Amino acid sequence: MAITLDDLPIRDDLRGQTPYGAPQKHVRVQLNVNENTHPVPPEVAEDILASIGAALATVNRYPDREFTALRSSLASYLGHGLAPEHVWAANGSNEVIQQLLQAFGGPGRSVLGFPPTYSMHSIIASGTGTRWMPAQRDAEFGISPATAVAAVREHRPDLVFFCGPNNPTGTPLSLDTVAEAYDATDGIVMVDEAYAEFMPKDQPSALTLLPGRERLVVSRTMSKAFAFAGARVGYLAADPAVVDALRLVRLPYHLSALTQAAAVAALRHAPEMLRMVDDIVVQRDRMVRELGDMGFRPYETWSNFVLFGGVAEPRRVFEELLERDVIVRDLGIPEHLRVSAGTADETSAFLTAMREIDPVRVGA
Ligand code: PMP
């Protein structure tokens, strides 16, 4: 007879947990996991392929454990006076965050977060045996400095996780909130900036807060703006001492030679790789405008997706969109759905489908 995981001698704290579960469906218009829906430009793909080919010549050897070339490319890309020793990378920012919790969290330790936020923050906390302590946001999903400081004083966490712009709400994160929370704790403060490149260009990144704050960590990814989700490359910037801590928990050679080669080649072409960001922002703003015109309540967003409220039956709307070959995200937030900005055509397909379905607005 088939057994289930409950029949196994699994860790008690993992019993009853559910894994990360964004559905992976083959649908024409995929707007559910905040990917960049534009493929890598063919001339860049060719150069990446040549670099992977060159790396294959020595793939019988273990890769550079310190991924020196990649760290140096990432430091140049980030700017802000960062040097390679401030930078660390892994297979997606999920792994970066996991390493951070392995080094600074773990059994007996806790991390404070502000849901609704990126679901993997609490799942990685659970996987590393770190207690997840959720705190309240303000109205409209913001976090004022006072709210953050009060939560830090109340919970006394070992780590504080912010996400700016926040997934799934798109909400901007005030740097005052980060700075004041930092001053209120002796722990590690992480800002997950997976969507930083979609912020208004005149808005500062949390990278500007790094000098003099050796417990602050800014995490980034090549999955979103860089159109590189399938390659799995995430990274962080922090004090070199934080990077030293991560060396204690990473697996040796965790970044394959092929990944390193692909990422370095992609970073050589940063302007072409990022060319679609402006267009994505245009499509995002179009979604906000048109969803508003339809009578829904889209939230302010600085990322490549839109959370909108006022949907009377989100599950039914999700299913009916799926029937029209469009997939969005039902996060289980009552009366809300989230949709990623697509190409102009994909965005049109979503908006047309919404008009066809004509979902009931709450309060209408
Ligand atoms: N942080 C946030 C806020 C995200 O939304 C995501 C992906 N959805 C990630 C991190 C993880 O991205 P990756 O592991 O692909 O770098």
# chains A, B, ... in the order shown; residues from 1 in each chain; ligands from 1
>>> closest_atom_pairs(of="segment 93-131 of chain A", to="segment 81-89 of chain A", cutoff="12 Å", atoms="only C-alpha atoms", output="JSON lines")
{"residue": "A:Ser93", "atom": "CA", "partner": "A:Ala89", "partner_atom": "CA", "distance": 7.7}
{"residue": "A:Asn94", "atom": "CA", "partner": "A:Ala89", "partner_atom": "CA", "distance": 10.5}
{"residue": "A:Glu95", "atom": "CA", "partner": "A:Ala89", "partner_atom": "CA", "distance": 8.6}
{"residue": "A:Val96", "atom": "CA", "partner": "A:Ala89", "partner_atom": "CA", "distance": 6.6}
{"residue": "A:Ile97", "atom": "CA", "partner": "A:Ala89", "partner_atom": "CA", "distance": 10.2}
{"residue": "A:Gln98", "atom": "CA", "partner": "A:Ala89", "partner_atom": "CA", "distance": 11.7}
{"residue": "A:Gln99", "atom": "CA", "partner": "A:Ala89", "partner_atom": "CA", "distance": 10.1}
{"residue": "A:Leu100", "atom": "CA", "partner": "A:Trp88", "partner_atom": "CA", "distance": 10.7}
>>> residues_around(residues="Gln17 of chain A", least_positions_apart="3", cutoff="10 Å", atoms="only C-alpha atoms", output="list in words")
Asp13, Leu14, Tyr20, Ile123, Ser126 and Gly127 of chain A
>>> residues_near_ligand(ligand="ligand 1", cutoff="10 Å", atoms="only C-alpha atoms and all ligand atoms", output="CSV table (one decimal) with C-alpha atoms, in the first residue's frame")
chain,number,residue,atom,x,y,z
A,22,ALA,CA,2.2,28.1,-7.7
A,32,ASN,CA,0.9,34.0,-12.5
A,33,VAL,CA,4.4,34.0,-11.1
A,34,ASN,CA,5.7,37.5,-12.0
A,35,GLU,CA,8.2,36.3,-14.6
A,89,ALA,CA,25.1,34.6,-5.2
A,90,ALA,CA,23.2,31.3,-5.3
A,91,ASN,CA,20.7,29.4,-7.3
A,92,GLY,CA,17.9,32.0,-7.1
A,93,SER,CA,17.4,34.4,-4.4
A,94,ASN,CA,15.4,31.7,-2.6
A,95,GLU,CA,18.6,29.9,-2.0
A,96,VAL,CA,20.3,33.2,-0.9
A,97,ILE,CA,17.5,33.7,1.7
A,117,THR,CA,4.4,39.1,1.6
A,118,TYR,CA,6.5,36.7,-0.5
A,119,SER,CA,5.2,33.2,0.6
A,120,MET,CA,8.7,31.7,0.5
A,121,HIS,CA,9.9,33.8,3.3
A,162,PHE,CA,11.2,43.3,4.4
A,163,CYS,CA,10.2,43.0,0.8
A,164,GLY,CA,10.3,46.2,-1.3
A,165,PRO,CA,8.5,46.5,-3.6
A,166,ASN,CA,6.4,43.9,-1.8
A,167,ASN,CA,5.1,40.7,-3.4
A,168,PRO,CA,2.1,40.1,-3.7
A,170,GLY,CA,3.4,45.8,-5.2
A,191,VAL,CA,15.3,43.8,2.2
A,192,ASP,CA,14.2,41.5,-0.6
A,193,GLU,CA,14.5,43.7,-3.7
A,194,ALA,CA,13.5,41.1,-6.3
A,195,TYR,CA,11.6,43.8,-8.2
A,196,ALA,CA,13.9,46.7,-7.7
A,219,SER,CA,18.7,40.6,-1.8
A,220,ARG,CA,18.2,40.7,-5.6
A,221,THR,CA,17.5,38.3,-8.4
A,222,MET,CA,18.2,37.9,-12.1
A,223,SER,CA,14.8,36.1,-12.4
A,224,LYS,CA,12.6,39.1,-13.0
A,228,PHE,CA,16.6,34.8,-16.3
A,229,ALA,CA,14.2,32.9,-14.1
A,230,GLY,CA,15.0,29.5,-15.6
A,231,ALA,CA,18.7,30.0,-15.1
A,232,ARG,CA,18.3,30.4,-11.3
A,233,VAL,CA,20.6,33.2,-10.2
A,234,GLY,CA,19.9,35.3,-7.1
A,235,TYR,CA,22.4,37.4,-5.2
A,303,SER,CA,6.8,46.0,-9.4
A,304,ASN,CA,5.9,44.0,-12.5
>>> closest_residue(among="A:Arg65, A:His80, A:Arg109, A:Arg71", to="Leu207 of chain A", atoms="only C-alpha atoms")
A:His80
>>> select_by_dssp(residues="segment 50-139 of chain A", states="strand (DSSP E or B)", output="MDAnalysis selection string")
chainID A and resid 87:90 110:113 131:134
>>> residues_around(residues="Leu209 of chain A", least_positions_apart="6", cutoff="9 Å", atoms="only C-alpha atoms", output="list in words")
Leu175, Val178, Ala179 and Leu216 of chain A
>>> write_last_selection(atoms="C-alpha atoms", output="mmCIF file, in the first residue's frame")
data_model
loop_
_atom_site.group_PDB
_atom_site.id
_atom_site.type_symbol
_atom_site.label_atom_id
_atom_site.label_comp_id
_atom_site.auth_asym_id
_atom_site.auth_seq_id
_atom_site.Cartn_x
_atom_site.Cartn_y
_atom_site.Cartn_z
ATOM 1 C CA LEU A 175 13.772 53.437 3.370
ATOM 2 C CA VAL A 178 14.194 50.011 6.990
ATOM 3 C CA ALA A 179 16.592 52.439 8.702
ATOM 4 C CA LEU A 216 21.749 45.031 6.600
#
>>> residues_around(residues="segment 43-53 of chain A", least_positions_apart="2", cutoff="12 Å", atoms="only C-alpha atoms", output="PyMOL selection string")
chain A and resi 39-41+55-59+226-228+231+256-275
>>> residues_around(residues="segment 142-147 of chain A", least_positions_apart="4", cutoff="10 Å", atoms="only C-alpha atoms", output="list of chain:residue names")
A:Phe114, A:Ala135, A:Gln136, A:Arg137, A:Asp138, A:Ala151, A:Val152, A:Phe162, A:Asn166, A:Thr169, A:Thr171, A:Pro172, A:Leu173, A:Ser174, A:Leu175, A:Asp176, A:Thr177, A:Val178, A:Ala179, A:Glu180, A:Ala181
>>> select_by_dssp(residues="segment 36-253 of chain A", states="alpha helix (DSSP H)", output="MDAnalysis selection string")
chainID A and resid 42:56 68:78 93:104 119:127 145:155 175:183 240:247
>>> closest_residue(among="A:Arg355, A:Thr18, A:Asp202, A:Gly310", to="Ile333 of chain A", atoms="only C-alpha atoms")
A:Gly310
>>> residues_around(residues="Ala341 of chain A", least_positions_apart="5", cutoff="9 Å", atoms="only C-alpha atoms", output="compact mmCIF listing (two decimals) with N, CA, C and O atoms, in the first residue's frame")
# COMPACT_ATOMS: atom_id res chain seq x y z
N LEU A 31 0.53 34.65 -16.58
CA LEU A 31 0.73 35.89 -15.80
C LEU A 31 0.58 35.58 -14.32
O LEU A 31 -0.04 36.36 -13.58
N ASN A 34 4.94 36.23 -11.87
CA ASN A 34 5.75 37.45 -11.97
C ASN A 34 7.05 37.28 -12.74
O ASN A 34 8.06 37.91 -12.43
N GLU A 35 7.00 36.37 -13.73
CA GLU A 35 8.18 36.26 -14.59
C GLU A 35 8.22 37.47 -15.52
O GLU A 35 7.25 38.20 -15.68
N ASN A 36 9.36 37.60 -16.18
CA ASN A 36 9.48 38.52 -17.30
C ASN A 36 8.96 37.73 -18.49
O ASN A 36 9.50 36.67 -18.81
N THR A 37 7.91 38.19 -19.12
CA THR A 37 7.32 37.35 -20.18
C THR A 37 8.04 37.53 -21.52
O THR A 37 7.65 36.94 -22.51
N ILE A 280 7.47 46.76 -19.79
CA ILE A 280 6.69 46.03 -18.77
C ILE A 280 6.00 47.02 -17.83
O ILE A 280 4.83 46.86 -17.46
N VAL A 281 6.73 48.08 -17.49
CA VAL A 281 6.16 49.11 -16.61
C VAL A 281 4.97 49.80 -17.30
O VAL A 281 3.94 50.06 -16.67
N VAL A 282 5.08 50.02 -18.61
CA VAL A 282 3.96 50.61 -19.36
C VAL A 282 2.75 49.67 -19.30
O VAL A 282 1.61 50.11 -19.05
N GLN A 283 2.98 48.37 -19.51
CA GLN A 283 1.86 47.41 -19.48
C GLN A 283 1.27 47.31 -18.07
O GLN A 283 0.05 47.19 -17.91
N ARG A 284 2.13 47.35 -17.05
CA ARG A 284 1.66 47.32 -15.66
C ARG A 284 0.74 48.50 -15.40
O ARG A 284 -0.36 48.35 -14.86
N ASP A 285 1.18 49.70 -15.81
CA ASP A 285 0.38 50.89 -15.55
C ASP A 285 -0.93 50.85 -16.33
O ASP A 285 -1.96 51.34 -15.87
N ARG A 286 -0.88 50.22 -17.52
CA ARG A 286 -2.10 50.06 -18.31
C ARG A 286 -3.09 49.14 -17.57
O ARG A 286 -4.28 49.40 -17.51
N MET A 287 -2.55 48.06 -16.98
CA MET A 287 -3.42 47.16 -16.20
C MET A 287 -4.07 47.91 -15.05
O MET A 287 -5.26 47.77 -14.80
N ASN A 304 6.38 44.34 -11.21
CA ASN A 304 5.90 43.96 -12.54
C ASN A 304 4.57 43.22 -12.47
O ASN A 304 4.28 42.39 -13.30
N PHE A 305 3.79 43.51 -11.42
CA PHE A 305 2.49 42.85 -11.27
C PHE A 305 1.54 43.81 -10.56
O PHE A 305 1.96 44.84 -10.02
N VAL A 306 0.27 43.42 -10.58
CA VAL A 306 -0.77 44.27 -9.99
C VAL A 306 -1.65 43.40 -9.09
O VAL A 306 -2.15 42.36 -9.54
N GLU A 346 -0.19 40.01 -24.43
CA GLU A 346 -0.67 39.22 -23.28
C GLU A 346 -1.53 40.08 -22.37
O GLU A 346 -2.54 39.62 -21.83
N THR A 347 -1.11 41.33 -22.19
CA THR A 347 -1.87 42.24 -21.33
C THR A 347 -3.26 42.47 -21.94
O THR A 347 -4.27 42.43 -21.23
>>> residues_around(residues="Ala349 of chain A", least_positions_apart="6", cutoff="12 Å", atoms="only C-alpha atoms", output="list in words")
Arg28, Val29, Gln30, Leu31, Gln283, Met287, Leu321, Leu322, Arg324, Asp325, Val326, Ile327, Val328, Ala341, Gly342, Thr343, Arg355 and Glu356 of chain A
>>> write_last_selection(atoms="all heavy atoms", output="compact mmCIF listing (two decimals), in the first residue's frame")
# COMPACT_ATOMS: atom_id res chain seq x y z
N ARG A 28 -1.46 29.62 -22.59
CA ARG A 28 -0.84 30.54 -23.56
C ARG A 28 -0.37 31.83 -22.88
O ARG A 28 0.73 32.31 -23.12
CB ARG A 28 -1.84 30.86 -24.68
CG ARG A 28 -1.23 31.57 -25.87
CD ARG A 28 -2.23 31.67 -27.01
NE ARG A 28 -3.42 32.42 -26.65
CZ ARG A 28 -3.51 33.76 -26.68
NH1 ARG A 28 -2.48 34.48 -27.07
NH2 ARG A 28 -4.62 34.37 -26.32
N VAL A 29 -1.19 32.39 -22.01
CA VAL A 29 -0.85 33.67 -21.38
C VAL A 29 -0.58 33.44 -19.90
O VAL A 29 -1.48 33.31 -19.08
CB VAL A 29 -2.00 34.69 -21.59
CG1 VAL A 29 -1.64 36.02 -20.97
CG2 VAL A 29 -2.29 34.85 -23.08
N GLN A 30 0.71 33.34 -19.57
CA GLN A 30 1.10 32.96 -18.20
C GLN A 30 1.46 34.20 -17.40
O GLN A 30 2.56 34.73 -17.51
CB GLN A 30 2.28 32.00 -18.24
CG GLN A 30 1.93 30.72 -18.97
CD GLN A 30 3.01 29.67 -18.89
OE1 GLN A 30 3.89 29.74 -18.02
NE2 GLN A 30 2.98 28.71 -19.77
N LEU A 31 0.53 34.65 -16.58
CA LEU A 31 0.73 35.89 -15.80
C LEU A 31 0.58 35.58 -14.32
O LEU A 31 -0.04 36.36 -13.58
CB LEU A 31 -0.29 36.94 -16.26
CG LEU A 31 -0.27 37.27 -17.78
CD1 LEU A 31 -1.33 38.30 -18.12
CD2 LEU A 31 1.11 37.79 -18.20
N GLN A 283 2.98 48.37 -19.51
CA GLN A 283 1.86 47.41 -19.48
C GLN A 283 1.27 47.31 -18.07
O GLN A 283 0.05 47.19 -17.91
CB GLN A 283 2.32 46.03 -19.96
CG GLN A 283 2.86 46.00 -21.37
CD GLN A 283 1.91 46.63 -22.39
OE1 GLN A 283 0.69 46.51 -22.28
NE2 GLN A 283 2.46 47.36 -23.34
N MET A 287 -2.55 48.06 -16.98
CA MET A 287 -3.42 47.16 -16.20
C MET A 287 -4.07 47.91 -15.05
O MET A 287 -5.26 47.77 -14.80
CB MET A 287 -2.60 45.99 -15.63
CG MET A 287 -2.32 44.90 -16.63
SD MET A 287 -1.33 43.61 -15.84
CE MET A 287 -1.55 42.28 -17.02
N LEU A 321 -10.75 32.66 -16.35
CA LEU A 321 -9.59 33.17 -17.11
C LEU A 321 -8.82 31.99 -17.69
O LEU A 321 -8.38 32.02 -18.84
CB LEU A 321 -8.69 34.02 -16.21
CG LEU A 321 -9.19 35.43 -15.86
CD1 LEU A 321 -8.32 36.05 -14.77
CD2 LEU A 321 -9.18 36.35 -17.10
N LEU A 322 -8.68 30.94 -16.87
CA LEU A 322 -7.94 29.75 -17.30
C LEU A 322 -8.62 29.13 -18.53
O LEU A 322 -7.94 28.70 -19.48
CB LEU A 322 -7.90 28.75 -16.14
CG LEU A 322 -6.77 27.75 -16.11
CD1 LEU A 322 -5.42 28.42 -16.24
CD2 LEU A 322 -6.82 26.94 -14.80
N ARG A 324 -9.97 30.67 -20.75
CA ARG A 324 -9.61 31.53 -21.88
C ARG A 324 -8.11 31.57 -22.09
O ARG A 324 -7.57 32.49 -22.70
CB ARG A 324 -10.15 32.94 -21.64
CG ARG A 324 -11.66 33.01 -21.82
CD ARG A 324 -12.23 34.31 -21.26
NE ARG A 324 -13.64 34.42 -21.55
CZ ARG A 324 -14.62 33.79 -20.88
NH1 ARG A 324 -14.30 32.98 -19.87
NH2 ARG A 324 -15.88 33.94 -21.21
N ASP A 325 -7.38 30.59 -21.52
CA ASP A 325 -5.94 30.45 -21.74
C ASP A 325 -5.12 31.55 -21.08
O ASP A 325 -4.06 31.94 -21.58
CB ASP A 325 -5.64 30.40 -23.24
CG ASP A 325 -4.94 29.10 -23.60
OD1 ASP A 325 -4.78 28.25 -22.72
OD2 ASP A 325 -4.52 28.96 -24.77
N VAL A 326 -5.64 32.09 -19.98
CA VAL A 326 -4.91 33.13 -19.23
C VAL A 326 -4.81 32.63 -17.79
O VAL A 326 -5.81 32.28 -17.18
CB VAL A 326 -5.69 34.47 -19.23
CG1 VAL A 326 -4.95 35.52 -18.40
CG2 VAL A 326 -5.93 34.97 -20.65
N ILE A 327 -3.57 32.60 -17.24
CA ILE A 327 -3.45 32.21 -15.83
C ILE A 327 -2.94 33.38 -15.00
O ILE A 327 -1.96 34.05 -15.36
CB ILE A 327 -2.59 30.92 -15.64
CG1 ILE A 327 -2.64 30.49 -14.16
CG2 ILE A 327 -1.17 31.11 -16.12
CD1 ILE A 327 -2.18 29.06 -13.92
N VAL A 328 -3.66 33.66 -13.91
CA VAL A 328 -3.25 34.70 -12.96
C VAL A 328 -3.04 34.02 -11.61
O VAL A 328 -2.98 32.79 -11.54
CB VAL A 328 -4.30 35.84 -12.88
CG1 VAL A 328 -4.47 36.51 -14.23
CG2 VAL A 328 -5.63 35.32 -12.35
N ALA A 341 2.36 41.73 -15.20
CA ALA A 341 2.31 42.47 -16.47
C ALA A 341 2.92 41.60 -17.56
O ALA A 341 3.97 40.98 -17.36
CB ALA A 341 3.10 43.77 -16.33
N GLY A 342 2.27 41.53 -18.71
CA GLY A 342 2.78 40.72 -19.80
C GLY A 342 3.30 41.60 -20.92
O GLY A 342 3.51 42.81 -20.75
N THR A 343 3.52 40.99 -22.07
CA THR A 343 3.77 41.77 -23.27
C THR A 343 2.48 42.54 -23.57
O THR A 343 1.44 42.27 -22.96
CB THR A 343 4.06 40.83 -24.46
OG1 THR A 343 2.90 39.99 -24.63
CG2 THR A 343 5.27 39.96 -24.21
N ARG A 355 -13.02 41.49 -19.39
CA ARG A 355 -14.27 42.16 -19.84
C ARG A 355 -15.30 41.13 -20.27
O ARG A 355 -16.49 41.28 -20.00
CB ARG A 355 -13.96 43.13 -20.98
CG ARG A 355 -13.21 44.36 -20.50
CD ARG A 355 -13.26 45.51 -21.51
NE ARG A 355 -12.48 46.63 -20.99
CZ ARG A 355 -11.17 46.81 -21.24
NH1 ARG A 355 -10.51 45.98 -22.02
NH2 ARG A 355 -10.55 47.84 -20.70
N GLU A 356 -14.83 40.05 -20.93
CA GLU A 356 -15.76 39.00 -21.37
C GLU A 356 -16.42 38.31 -20.17
O GLU A 356 -17.62 38.07 -20.17
CB GLU A 356 -14.99 37.93 -22.15
CG GLU A 356 -14.80 38.27 -23.62
CD GLU A 356 -13.89 37.24 -24.29
OE1 GLU A 356 -13.79 36.09 -23.80
OE2 GLU A 356 -13.27 37.62 -25.30
>>> closest_residue(among="A:Val288, A:Val218, A:Ile10, A:Ala353", to="Ser340 of chain A", atoms="only C-alpha atoms")
A:Val288
>>> atom_distance(atom1="atom CA of Val160 of chain A", atom2="atom CA of Pro23 of chain A")
28.7 Å
>>> closest_residue(among="A:Leu351, A:Phe308, A:Thr130, A:Val277", to="Leu331 of chain A", atoms="only C-alpha atoms")
A:Phe308
>>> atom_distance(atom1="atom CA of Gly106 of chain A", atom2="atom CA of Glu214 of chain A")
20.4 Å
